[in-house]
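Q: I am sharing model.cif, which consists of mmCIF, C-alpha atoms:
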```cif
data_final
loop_
_atom_site.group_PDB
_atom_site.id
_atom_site.type_symbol
_atom_site.label_atom_id
_atom_site.label_comp_id
_atom_site.auth_asym_id
_atom_site.auth_seq_id
_atom_site.Cartn_x
_atom_site.Cartn_y
_atom_site.Cartn_z
ATOM 1 C CA MET A 1 -132.782 26.189 -10.392
ATOM 2 C CA ARG A 2 -131.121 25.424 -13.714
ATOM 3 C CA ILE A 3 -128.091 23.483 -14.899
ATOM 4 C CA LYS A 4 -126.073 24.056 -18.053
ATOM 5 C CA LYS A 5 -123.555 21.435 -19.146
ATOM 6 C CA PHE A 6 -120.541 22.101 -21.363
ATOM 7 C CA VAL A 7 -118.281 19.397 -22.815
ATOM 8 C CA PHE A 8 -114.755 20.798 -22.912
ATOM 9 C CA SER A 9 -111.157 19.908 -23.800
ATOM 10 C CA PRO A 10 -109.664 16.845 -25.496
ATOM 11 C CA PHE A 11 -110.674 14.914 -22.359
ATOM 12 C CA GLN A 12 -114.380 15.562 -23.099
ATOM 13 C CA GLU A 13 -114.947 16.741 -19.543
ATOM 14 C CA ASN A 14 -118.337 17.949 -18.359
ATOM 15 C CA SER A 15 -118.290 21.442 -16.879
ATOM 16 C CA TYR A 16 -121.386 22.842 -15.209
ATOM 17 C CA VAL A 17 -123.005 26.168 -14.482
ATOM 18 C CA VAL A 18 -125.690 25.921 -11.820
ATOM 19 C CA TYR A 19 -127.823 29.042 -11.604
ATOM 20 C CA THR A 20 -131.104 30.484 -10.371
ATOM 21 C CA ASP A 21 -133.750 32.725 -11.876
ATOM 22 C CA ALA A 22 -132.295 35.509 -9.737
ATOM 23 C CA GLY A 23 -129.209 35.441 -11.957
ATOM 24 C CA ASN A 24 -126.644 34.041 -9.525
ATOM 25 C CA GLY A 25 -124.639 30.950 -10.355
ATOM 26 C CA TRP A 26 -121.783 28.622 -9.590
ATOM 27 C CA ILE A 27 -119.164 27.391 -12.027
ATOM 28 C CA ILE A 28 -118.311 23.770 -11.232
ATOM 29 C CA ASP A 29 -115.260 21.976 -12.659
ATOM 30 C CA PRO A 30 -114.458 24.395 -15.480
ATOM 31 C CA GLY A 31 -112.646 22.284 -18.052
ATOM 32 C CA CYS A 32 -112.451 24.971 -20.723
ATOM 33 C CA TYR A 33 -109.044 24.597 -22.343
ATOM 34 C CA PHE A 34 -109.213 26.030 -25.849
ATOM 35 C CA PRO A 35 -109.832 29.795 -26.322
ATOM 36 C CA GLU A 36 -113.164 29.128 -28.035
ATOM 37 C CA GLU A 37 -114.283 27.051 -25.036
ATOM 38 C CA LYS A 38 -113.476 29.856 -22.633
ATOM 39 C CA GLU A 39 -115.397 32.223 -24.895
ATOM 40 C CA GLU A 40 -118.356 29.825 -24.967
ATOM 41 C CA LEU A 41 -118.535 29.771 -21.174
ATOM 42 C CA LYS A 42 -118.171 33.531 -20.935
ATOM 43 C CA ASN A 43 -120.813 34.181 -23.597
ATOM 44 C CA PHE A 44 -123.302 31.876 -21.903
ATOM 45 C CA LEU A 45 -122.927 33.719 -18.616
ATOM 46 C CA THR A 46 -123.180 37.107 -20.312
ATOM 47 C CA ASP A 47 -126.117 36.218 -22.554
ATOM 48 C CA ASN A 48 -128.100 34.793 -19.646
ATOM 49 C CA LYS A 49 -127.132 37.625 -17.269
ATOM 50 C CA ILE A 50 -125.631 35.200 -14.759
ATOM 51 C CA THR A 51 -123.306 36.489 -12.060
ATOM 52 C CA PRO A 52 -120.879 33.741 -10.956
ATOM 53 C CA THR A 53 -120.515 33.746 -7.183
ATOM 54 C CA ARG A 54 -118.466 30.584 -6.633
ATOM 55 C CA LEU A 55 -115.873 28.474 -8.439
ATOM 56 C CA LEU A 56 -116.152 24.897 -7.175
ATOM 57 C CA ASN A 57 -114.073 21.816 -7.947
ATOM 58 C CA THR A 58 -115.360 18.323 -7.197
ATOM 59 C CA HIS A 59 -111.694 17.333 -7.375
ATOM 60 C CA CYS A 60 -108.480 18.672 -8.853
ATOM 61 C CA HIS A 61 -107.505 16.353 -11.679
ATOM 62 C CA LEU A 62 -106.112 18.168 -14.679
ATOM 63 C CA ASP A 63 -109.224 18.074 -16.868
ATOM 64 C CA HIS A 64 -111.434 19.524 -14.145
ATOM 65 C CA ILE A 65 -109.262 22.563 -13.442
ATOM 66 C CA PHE A 66 -108.209 23.644 -16.941
ATOM 67 C CA GLY A 67 -110.424 26.730 -16.639
ATOM 68 C CA ASN A 68 -109.739 27.673 -13.030
ATOM 69 C CA ARG A 69 -107.236 30.394 -13.958
ATOM 70 C CA PHE A 70 -109.540 31.806 -16.632
ATOM 71 C CA VAL A 71 -112.512 31.930 -14.258
ATOM 72 C CA CYS A 72 -110.369 33.486 -11.543
ATOM 73 C CA ASP A 73 -109.002 36.168 -13.853
ATOM 74 C CA THR A 74 -112.362 36.902 -15.497
ATOM 75 C CA TYR A 75 -114.688 36.825 -12.500
ATOM 76 C CA ASN A 76 -112.334 37.357 -9.557
ATOM 77 C CA LEU A 77 -113.241 33.968 -8.065
ATOM 78 C CA LEU A 78 -110.798 31.667 -6.311
ATOM 79 C CA PRO A 79 -111.500 27.933 -6.427
ATOM 80 C CA GLU A 80 -112.938 25.962 -3.549
ATOM 81 C CA TYR A 81 -112.069 22.275 -3.154
ATOM 82 C CA HIS A 82 -111.301 19.698 -0.471
ATOM 83 C CA SER A 83 -107.934 20.110 1.234
ATOM 84 C CA LEU A 84 -107.044 16.450 0.640
ATOM 85 C CA ASP A 85 -106.853 17.225 -3.070
ATOM 86 C CA LEU A 86 -104.034 19.730 -2.651
ATOM 87 C CA PRO A 87 -101.470 17.104 -3.747
ATOM 88 C CA THR A 88 -103.637 16.362 -6.802
ATOM 89 C CA LEU A 89 -103.655 20.045 -7.665
ATOM 90 C CA GLY A 90 -99.917 20.198 -7.165
ATOM 91 C CA MET A 91 -99.388 17.431 -9.725
ATOM 92 C CA ALA A 92 -101.465 19.108 -12.442
ATOM 93 C CA ALA A 93 -98.566 20.748 -14.272
ATOM 94 C CA ILE A 94 -96.651 17.453 -14.333
ATOM 95 C CA SER A 95 -99.755 15.654 -15.561
ATOM 96 C CA ALA A 96 -100.157 18.227 -18.326
ATOM 97 C CA LYS A 97 -96.666 17.440 -19.581
ATOM 98 C CA MET A 98 -97.306 13.704 -19.376
ATOM 99 C CA TYR A 99 -100.461 14.059 -21.481
ATOM 100 C CA GLY A 100 -98.806 16.442 -23.926
ATOM 101 C CA VAL A 101 -101.042 19.352 -22.967
ATOM 102 C CA ASN A 102 -99.421 22.578 -24.073
ATOM 103 C CA GLY A 103 -100.141 25.979 -22.595
ATOM 104 C CA PHE A 104 -101.543 24.674 -19.315
ATOM 105 C CA GLU A 105 -102.447 27.522 -16.964
ATOM 106 C CA GLU A 106 -101.905 26.548 -13.352
ATOM 107 C CA SER A 107 -104.865 26.946 -11.030
ATOM 108 C CA PRO A 108 -104.734 29.536 -8.268
ATOM 109 C CA LYS A 109 -104.800 28.187 -4.734
ATOM 110 C CA ALA A 110 -108.088 27.761 -2.932
ATOM 111 C CA LYS A 111 -110.130 30.520 -1.394
ATOM 112 C CA SER A 112 -111.330 27.975 1.162
ATOM 113 C CA HIS A 113 -111.520 24.229 1.572
ATOM 114 C CA LEU A 114 -114.814 22.402 1.240
ATOM 115 C CA ASP A 115 -114.014 19.932 4.023
ATOM 116 C CA LYS A 116 -114.875 22.702 6.455
ATOM 117 C CA LEU A 117 -118.445 22.867 5.099
ATOM 118 C CA THR A 118 -121.371 20.451 4.952
ATOM 119 C CA GLU A 119 -123.667 22.548 2.781
ATOM 120 C CA LEU A 120 -123.763 25.520 0.434
ATOM 121 C CA LYS A 121 -126.641 27.789 -0.559
ATOM 122 C CA LEU A 122 -127.142 29.352 -3.958
ATOM 123 C CA ASP A 123 -129.810 31.933 -3.235
ATOM 124 C CA ASP A 124 -132.566 29.725 -1.746
ATOM 125 C CA GLN A 125 -131.193 26.485 -3.220
ATOM 126 C CA LEU A 126 -129.484 24.188 -0.715
ATOM 127 C CA PHE A 127 -126.778 21.714 -1.697
ATOM 128 C CA ARG A 128 -125.186 19.184 0.610
ATOM 129 C CA ILE A 129 -121.453 18.568 0.257
ATOM 130 C CA VAL A 130 -120.531 14.898 0.596
ATOM 131 C CA PHE A 131 -117.040 13.424 0.747
ATOM 132 C CA VAL A 132 -116.646 10.669 -1.861
ATOM 133 C CA PRO A 133 -112.960 9.687 -2.170
ATOM 134 C CA GLY A 134 -111.650 6.828 -4.270
ATOM 135 C CA HIS A 135 -111.136 8.454 -7.652
ATOM 136 C CA ALA A 136 -109.246 11.305 -6.017
ATOM 137 C CA PRO A 137 -108.305 11.670 -2.326
ATOM 138 C CA GLY A 138 -110.349 14.831 -1.798
ATOM 139 C CA HIS A 139 -113.265 14.188 -4.130
ATOM 140 C CA VAL A 140 -116.592 15.742 -3.142
ATOM 141 C CA ALA A 141 -120.057 15.813 -4.690
ATOM 142 C CA PHE A 142 -122.871 18.333 -4.437
ATOM 143 C CA ILE A 143 -126.332 16.928 -3.708
ATOM 144 C CA HIS A 144 -129.606 18.830 -4.001
ATOM 145 C CA ASP A 145 -132.158 16.737 -2.127
ATOM 146 C CA LYS A 146 -135.229 18.735 -3.123
ATOM 147 C CA GLU A 147 -134.417 18.700 -6.836
ATOM 148 C CA LYS A 148 -133.092 15.117 -6.587
ATOM 149 C CA LEU A 149 -129.812 15.727 -8.371
ATOM 150 C CA ILE A 150 -126.113 15.148 -7.844
ATOM 151 C CA ILE A 151 -123.202 17.033 -9.359
ATOM 152 C CA GLY A 152 -120.958 14.042 -8.975
ATOM 153 C CA GLY A 153 -117.647 14.598 -10.744
ATOM 154 C CA ASP A 154 -115.809 11.394 -11.613
ATOM 155 C CA VAL A 155 -117.385 9.089 -9.046
ATOM 156 C CA LEU A 156 -120.228 7.405 -10.919
ATOM 157 C CA PHE A 157 -120.832 7.296 -14.671
ATOM 158 C CA ARG A 158 -123.573 5.719 -16.739
ATOM 159 C CA GLY A 159 -122.549 2.078 -16.685
ATOM 160 C CA SER A 160 -119.163 2.757 -15.161
ATOM 161 C CA ILE A 161 -117.213 4.376 -12.314
ATOM 162 C CA GLY A 162 -114.247 6.696 -12.004
ATOM 163 C CA ARG A 163 -110.808 5.267 -12.638
ATOM 164 C CA THR A 164 -108.783 4.346 -9.576
ATOM 165 C CA ASP A 165 -105.316 3.826 -11.069
ATOM 166 C CA LEU A 166 -104.219 7.433 -10.602
ATOM 167 C CA PRO A 167 -102.244 8.596 -7.532
ATOM 168 C CA GLY A 168 -104.455 8.505 -4.456
ATOM 169 C CA GLY A 169 -107.050 6.298 -6.101
ATOM 170 C CA SER A 170 -108.614 3.231 -4.482
ATOM 171 C CA MET A 171 -111.231 0.887 -5.931
ATOM 172 C CA VAL A 172 -112.341 -0.271 -2.484
ATOM 173 C CA THR A 173 -112.728 3.301 -1.286
ATOM 174 C CA LEU A 174 -114.573 4.426 -4.407
ATOM 175 C CA LEU A 175 -117.112 1.594 -4.256
ATOM 176 C CA GLN A 176 -117.711 2.345 -0.586
ATOM 177 C CA SER A 177 -118.236 6.041 -1.384
ATOM 178 C CA ILE A 178 -120.818 5.216 -4.037
ATOM 179 C CA LYS A 179 -122.691 2.766 -1.851
ATOM 180 C CA SER A 180 -122.722 4.951 1.266
ATOM 181 C CA GLU A 181 -123.369 8.386 -0.265
ATOM 182 C CA PHE A 182 -125.067 7.776 -3.643
ATOM 183 C CA PHE A 183 -126.888 4.455 -3.371
ATOM 184 C CA THR A 184 -128.614 5.515 -0.162
ATOM 185 C CA LEU A 185 -130.518 8.091 -2.237
ATOM 186 C CA ALA A 186 -133.803 7.488 -4.054
ATOM 187 C CA ASP A 187 -133.671 5.765 -7.434
ATOM 188 C CA ASP A 188 -134.893 8.854 -9.299
ATOM 189 C CA PHE A 189 -131.945 11.049 -8.296
ATOM 190 C CA VAL A 190 -130.200 12.272 -11.449
ATOM 191 C CA VAL A 191 -126.404 12.085 -11.538
ATOM 192 C CA TYR A 192 -124.598 14.767 -13.530
ATOM 193 C CA SER A 193 -121.237 13.117 -14.076
ATOM 194 C CA GLY A 194 -117.825 14.480 -14.964
ATOM 195 C CA HIS A 195 -117.855 12.683 -18.327
ATOM 196 C CA GLY A 196 -120.575 11.281 -20.524
ATOM 197 C CA GLU A 197 -124.332 11.501 -20.248
ATOM 198 C CA GLU A 198 -126.487 11.840 -17.172
ATOM 199 C CA THR A 199 -127.742 8.775 -15.347
ATOM 200 C CA THR A 200 -129.923 7.897 -12.379
ATOM 201 C CA ILE A 201 -129.239 6.085 -9.156
ATOM 202 C CA GLY A 202 -131.881 3.482 -10.011
ATOM 203 C CA TYR A 203 -130.341 2.736 -13.403
ATOM 204 C CA GLU A 204 -126.883 2.244 -11.926
ATOM 205 C CA LYS A 205 -128.168 -0.024 -9.153
ATOM 206 C CA LYS A 206 -129.643 -2.298 -11.811
ATOM 207 C CA HIS A 207 -127.154 -2.066 -14.660
ATOM 208 C CA ASN A 208 -123.735 -0.876 -13.509
ATOM 209 C CA PRO A 209 -121.397 -3.892 -13.802
ATOM 210 C CA PHE A 210 -119.113 -2.567 -11.049
ATOM 211 C CA LEU A 211 -121.958 -2.305 -8.559
ATOM 212 C CA THR A 212 -124.596 -4.940 -9.339
#
```
What is this structure when it is put down as structure tokens?
A:
Amino acid sequence: MRIKKFVFSPFQENSYVVYTDAGNGWIIDPGCYFPEEKEELKNFLTDNKITPTRLLNTHCHLDHIFGNRFVCDTYNLLPEYHSLDLPTLGMAAISAKMYGVNGFEESPKAKSHLDKLTELKLDDQLFRIVFVPGHAPGHVAFIHDKEKLIIGGDVLFRGSIGRTDLPGGSMVTLLQSIKSEFFTLADDFVVYSGHGEETTIGYEKKHNPFLT
């Protein structure tokens, strides 16, 4: 299994393509906003002969759904996210105006909601879906136990955590999510975050000022 990270939009959001040698892949949190970013994502998939089979959102804040409409229109994929983030999705257009984002393309509604599932398979690769609210009400993360990796969205960053001052956010809830779902994993699990560089569970246990 392979992971490709893109850093998109003025928010410097990490978008991911997870794919297998068989050529099937998922697009997770597409933050492509500018035309050249959309082209970069499309060219990567084409050049590597990857067929996207799912469009997944860890949560529905503006910067993580910029590319949902593009992915839907290009690959005929509807997004999948937790139902508790429907209000977050509904606020995206207002948030775009607040941040001065012009030309925002609203995301299509979900194909299905991830709260109805506990795991997803990409070919023979199994991911667990865990509910990790606090940054957003319906935030989820995707954990691959065999490969020891987490696609974690805006829950845990290297040396930091997701902000909790947005609607539906809660510091208490976020810290509990990290401790119960992330810090119960082995120290060598790699966290692919929604912003910034990768980190490990062990590093954050020792060095994260919000959690030590």
Q: Determine, counting only C-alpha atoms, which protein, DNA and RNA residues have an atom within 10 Å of an atom of segment 88-91 of chain A; residues of the same chain fewer than 4 positions away are not included. Present the result as a PyMOL selection string.
A: chain A and resi 59-62+65+81+83-84+95-96+106-109+136-138+166-168
Q: Report as a PyMOL selection string the residues that result from applying the PyMOL selection byres ((chain A and resi 112-115) around 10) to the structure here.
A: chain A and resi 56-58+78-86+109-111+116-120+129-131+138-140
Q: Take the selection from the previous step and output its residues with C-alpha atoms, as a PDB file, in the coordinates of the input.
A:
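Produced file selection.pdb, reproduced below:
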```pdb
ATOM      1  CA  LEU A  56    -116.152  24.897  -7.175  1.00  0.00           C
ATOM      2  CA  ASN A  57    -114.073  21.816  -7.947  1.00  0.00           C
ATOM      3  CA  THR A  58    -115.360  18.323  -7.197  1.00  0.00           C
ATOM      4  CA  LEU A  78    -110.798  31.667  -6.311  1.00  0.00           C
ATOM      5  CA  PRO A  79    -111.500  27.933  -6.427  1.00  0.00           C
ATOM      6  CA  GLU A  80    -112.938  25.962  -3.549  1.00  0.00           C
ATOM      7  CA  TYR A  81    -112.069  22.275  -3.154  1.00  0.00           C
ATOM      8  CA  HIS A  82    -111.301  19.698  -0.471  1.00  0.00           C
ATOM      9  CA  SER A  83    -107.934  20.110   1.234  1.00  0.00           C
ATOM     10  CA  LEU A  84    -107.044  16.450   0.640  1.00  0.00           C
ATOM     11  CA  ASP A  85    -106.853  17.225  -3.070  1.00  0.00           C
ATOM     12  CA  LEU A  86    -104.034  19.730  -2.651  1.00  0.00           C
ATOM     13  CA  LYS A 109    -104.800  28.187  -4.734  1.00  0.00           C
ATOM     14  CA  ALA A 110    -108.088  27.761  -2.932  1.00  0.00           C
ATOM     15  CA  LYS A 111    -110.130  30.520  -1.394  1.00  0.00           C
ATOM     16  CA  LYS A 116    -114.875  22.702   6.455  1.00  0.00           C
ATOM     17  CA  LEU A 117    -118.445  22.867   5.099  1.00  0.00           C
ATOM     18  CA  THR A 118    -121.371  20.451   4.952  1.00  0.00           C
ATOM     19  CA  GLU A 119    -123.667  22.548   2.781  1.00  0.00           C
ATOM     20  CA  LEU A 120    -123.763  25.520   0.434  1.00  0.00           C
ATOM     21  CA  ILE A 129    -121.453  18.568   0.257  1.00  0.00           C
ATOM     22  CA  VAL A 130    -120.531  14.898   0.596  1.00  0.00           C
ATOM     23  CA  PHE A 131    -117.040  13.424   0.747  1.00  0.00           C
ATOM     24  CA  GLY A 138    -110.349  14.831  -1.798  1.00  0.00           C
ATOM     25  CA  HIS A 139    -113.265  14.188  -4.130  1.00  0.00           C
ATOM     26  CA  VAL A 140    -116.592  15.742  -3.142  1.00  0.00           C
TER      27      VAL A 140
END
```
Q: Which residue gives the smallest distance to Asp188 of chain A among A:Thr173, A:Lys146, A:Asp123, A:Gly152, with all atoms listed in the file counted?
A: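 Looking only at the distances to Asp188 of chain A, the closest residue turns out to be A:Lys146.
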Q: For a test of reading the model, state the distance in Å between atom CA of Glu198 of chain A and atom CA of Leu149 of chain A, rounded to one decimal.
A: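 Rounded to one decimal, the two atoms are 10.2 Å apart.
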Q: Nearest residue to Val155 of chain A out of A:His135, A:Lys97, A:Arg54, A:Lys206, using all atoms listed in the file?
A: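 Result for the nearest residue to Val155 of chain A: A:His135.
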Q: I'd like the residues picked by the PyMOL selection byres ((chain A and resi 27) around 9) written out as a list in words, using the chain letters and numbers from the file.
A: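 That selection, the PyMOL selection byres ((chain A and resi 27) around 9), comes back as Ser15, Tyr16, Val17, Val18, Tyr19, Gly25, Trp26, Ile28, Asp29, Pro30, Pro52, Thr53, Arg54, Leu55, Leu56, Asn57 and Val71 of chain A.
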Q: So that I have them on file, write out the residues from the current selection with C-alpha atoms, as an mmCIF file, in the frame of the given file.
A:
```cif
data_model
loop_
_atom_site.group_PDB
_atom_site.id
_atom_site.type_symbol
_atom_site.label_atom_id
_atom_site.label_comp_id
_atom_site.auth_asym_id
_atom_site.auth_seq_id
_atom_site.Cartn_x
_atom_site.Cartn_y
_atom_site.Cartn_z
ATOM 1 C CA SER A 15 -118.290 21.442 -16.879
ATOM 2 C CA TYR A 16 -121.386 22.842 -15.209
ATOM 3 C CA VAL A 17 -123.005 26.168 -14.482
ATOM 4 C CA VAL A 18 -125.690 25.921 -11.820
ATOM 5 C CA TYR A 19 -127.823 29.042 -11.604
ATOM 6 C CA GLY A 25 -124.639 30.950 -10.355
ATOM 7 C CA TRP A 26 -121.783 28.622 -9.590
ATOM 8 C CA ILE A 28 -118.311 23.770 -11.232
ATOM 9 C CA ASP A 29 -115.260 21.976 -12.659
ATOM 10 C CA PRO A 30 -114.458 24.395 -15.480
ATOM 11 C CA PRO A 52 -120.879 33.741 -10.956
ATOM 12 C CA THR A 53 -120.515 33.746 -7.183
ATOM 13 C CA ARG A 54 -118.466 30.584 -6.633
ATOM 14 C CA LEU A 55 -115.873 28.474 -8.439
ATOM 15 C CA LEU A 56 -116.152 24.897 -7.175
ATOM 16 C CA ASN A 57 -114.073 21.816 -7.947
ATOM 17 C CA VAL A 71 -112.512 31.930 -14.258
#
```
Q: Compare A:Phe210, A:Phe183, A:Phe142, A:Tyr192 by their minimum atom-to-atom distance to Glu13 of chain A, counting only C-alpha atoms, and give me the closest one.
A: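 The answer is A:Tyr192, which sits nearest to Glu13 of chain A.
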Q: So what do you get for atom CA of Phe104 of chain A versus atom CA of Phe8 of chain A, distance-wise?
A: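 Value for the atom CA of Phe104 of chain A-atom CA of Phe8 of chain A distance: 14.2 Å.
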Q: Separation of atom CA of Ala22 of chain A and atom CA of Thr200 of chain A, in Å?
A: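 Result for atom CA of Ala22 of chain A versus atom CA of Thr200 of chain A: 27.8 Å, one decimal.
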Q: For segment 35-64 of chain A of the block above, can you save N, CA and C atoms as a JSON list (two decimals), in the first residue's frame?
A:
```json
[["chain", "number", "residue", "atom", "x", "y", "z"],
["A", 35, "PRO", "N", -6.78, 25.90, -9.85],
["A", 35, "PRO", "CA", -6.84, 25.01, -11.02],
["A", 35, "PRO", "C", -5.59, 24.14, -11.17],
["A", 36, "GLU", "N", -4.42, 24.71, -10.90],
["A", 36, "GLU", "CA", -3.19, 23.93, -11.05],
["A", 36, "GLU", "C", -3.10, 22.82, -10.00],
["A", 37, "GLU", "N", -3.74, 23.01, -8.84],
["A", 37, "GLU", "CA", -3.75, 21.95, -7.83],
["A", 37, "GLU", "C", -4.67, 20.81, -8.26],
["A", 38, "LYS", "N", -5.80, 21.14, -8.82],
["A", 38, "LYS", "CA", -6.69, 20.10, -9.33],
["A", 38, "LYS", "C", -6.01, 19.32, -10.44],
["A", 39, "GLU", "N", -5.27, 20.03, -11.29],
["A", 39, "GLU", "CA", -4.55, 19.37, -12.38],
["A", 39, "GLU", "C", -3.44, 18.47, -11.83],
["A", 40, "GLU", "N", -2.79, 18.92, -10.76],
["A", 40, "GLU", "CA", -1.73, 18.10, -10.15],
["A", 40, "GLU", "C", -2.29, 16.78, -9.62],
["A", 41, "LEU", "N", -3.42, 16.85, -8.94],
["A", 41, "LEU", "CA", -4.05, 15.63, -8.44],
["A", 41, "LEU", "C", -4.46, 14.72, -9.59],
["A", 42, "LYS", "N", -5.09, 15.29, -10.58],
["A", 42, "LYS", "CA", -5.55, 14.50, -11.73],
["A", 42, "LYS", "C", -4.37, 13.86, -12.45],
["A", 43, "ASN", "N", -3.31, 14.60, -12.66],
["A", 43, "ASN", "CA", -2.14, 14.07, -13.38],
["A", 43, "ASN", "C", -1.47, 12.94, -12.60],
["A", 44, "PHE", "N", -1.42, 13.08, -11.28],
["A", 44, "PHE", "CA", -0.83, 12.01, -10.48],
["A", 44, "PHE", "C", -1.61, 10.71, -10.64],
["A", 45, "LEU", "N", -2.93, 10.81, -10.57],
["A", 45, "LEU", "CA", -3.76, 9.62, -10.71],
["A", 45, "LEU", "C", -3.62, 9.01, -12.11],
["A", 46, "THR", "N", -3.59, 9.86, -13.12],
["A", 46, "THR", "CA", -3.45, 9.38, -14.49],
["A", 46, "THR", "C", -2.09, 8.75, -14.72],
["A", 47, "ASP", "N", -1.04, 9.45, -14.31],
["A", 47, "ASP", "CA", 0.33, 8.98, -14.56],
["A", 47, "ASP", "C", 0.62, 7.67, -13.86],
["A", 48, "ASN", "N", 0.00, 7.45, -12.71],
["A", 48, "ASN", "CA", 0.24, 6.24, -11.94],
["A", 48, "ASN", "C", -0.84, 5.18, -12.15],
["A", 49, "LYS", "N", -1.74, 5.46, -13.11],
["A", 49, "LYS", "CA", -2.80, 4.51, -13.49],
["A", 49, "LYS", "C", -3.61, 4.08, -12.26],
["A", 50, "ILE", "N", -4.00, 5.07, -11.47],
["A", 50, "ILE", "CA", -4.79, 4.81, -10.26],
["A", 50, "ILE", "C", -6.26, 5.11, -10.55],
["A", 51, "THR", "N", -7.11, 4.17, -10.20],
["A", 51, "THR", "CA", -8.55, 4.36, -10.33],
["A", 51, "THR", "C", -9.12, 4.71, -8.96],
["A", 52, "PRO", "N", -9.60, 5.94, -8.76],
["A", 52, "PRO", "CA", -10.18, 6.30, -7.46],
["A", 52, "PRO", "C", -11.52, 5.59, -7.26],
["A", 53, "THR", "N", -11.66, 4.95, -6.12],
["A", 53, "THR", "CA", -12.89, 4.21, -5.83],
["A", 53, "THR", "C", -13.70, 4.82, -4.69],
["A", 54, "ARG", "N", -13.07, 5.72, -3.92],
["A", 54, "ARG", "CA", -13.78, 6.37, -2.82],
["A", 54, "ARG", "C", -13.26, 7.79, -2.63],
["A", 55, "LEU", "N", -14.16, 8.67, -2.23],
["A", 55, "LEU", "CA", -13.83, 10.03, -1.81],
["A", 55, "LEU", "C", -14.21, 10.12, -0.34],
["A", 56, "LEU", "N", -13.21, 10.26, 0.53],
["A", 56, "LEU", "CA", -13.42, 10.22, 1.97],
["A", 56, "LEU", "C", -13.03, 11.55, 2.60],
["A", 57, "ASN", "N", -13.82, 12.00, 3.56],
["A", 57, "ASN", "CA", -13.50, 13.20, 4.33],
["A", 57, "ASN", "C", -13.36, 12.83, 5.80],
["A", 58, "THR", "N", -12.21, 13.17, 6.40],
["A", 58, "THR", "CA", -12.08, 12.97, 7.84],
["A", 58, "THR", "C", -13.05, 13.88, 8.57],
["A", 59, "HIS", "N", -13.27, 15.06, 8.01],
["A", 59, "HIS", "CA", -14.25, 16.01, 8.52],
["A", 59, "HIS", "C", -14.53, 17.02, 7.41],
["A", 60, "CYS", "N", -15.45, 17.94, 7.66],
["A", 60, "CYS", "CA", -15.94, 18.77, 6.56],
["A", 60, "CYS", "C", -15.64, 20.25, 6.71],
["A", 61, "HIS", "N", -14.54, 20.59, 7.39],
["A", 61, "HIS", "CA", -14.13, 21.99, 7.37],
["A", 61, "HIS", "C", -13.72, 22.39, 5.96],
["A", 62, "LEU", "N", -13.85, 23.67, 5.72],
["A", 62, "LEU", "CA", -13.68, 24.24, 4.38],
["A", 62, "LEU", "C", -12.44, 23.72, 3.65],
["A", 63, "ASP", "N", -11.29, 23.76, 4.31],
["A", 63, "ASP", "CA", -10.04, 23.43, 3.62],
["A", 63, "ASP", "C", -9.91, 21.96, 3.27],
["A", 64, "HIS", "N", -10.74, 21.12, 3.87],
["A", 64, "HIS", "CA", -10.67, 19.69, 3.59],
["A", 64, "HIS", "C", -11.68, 19.24, 2.54]]
```
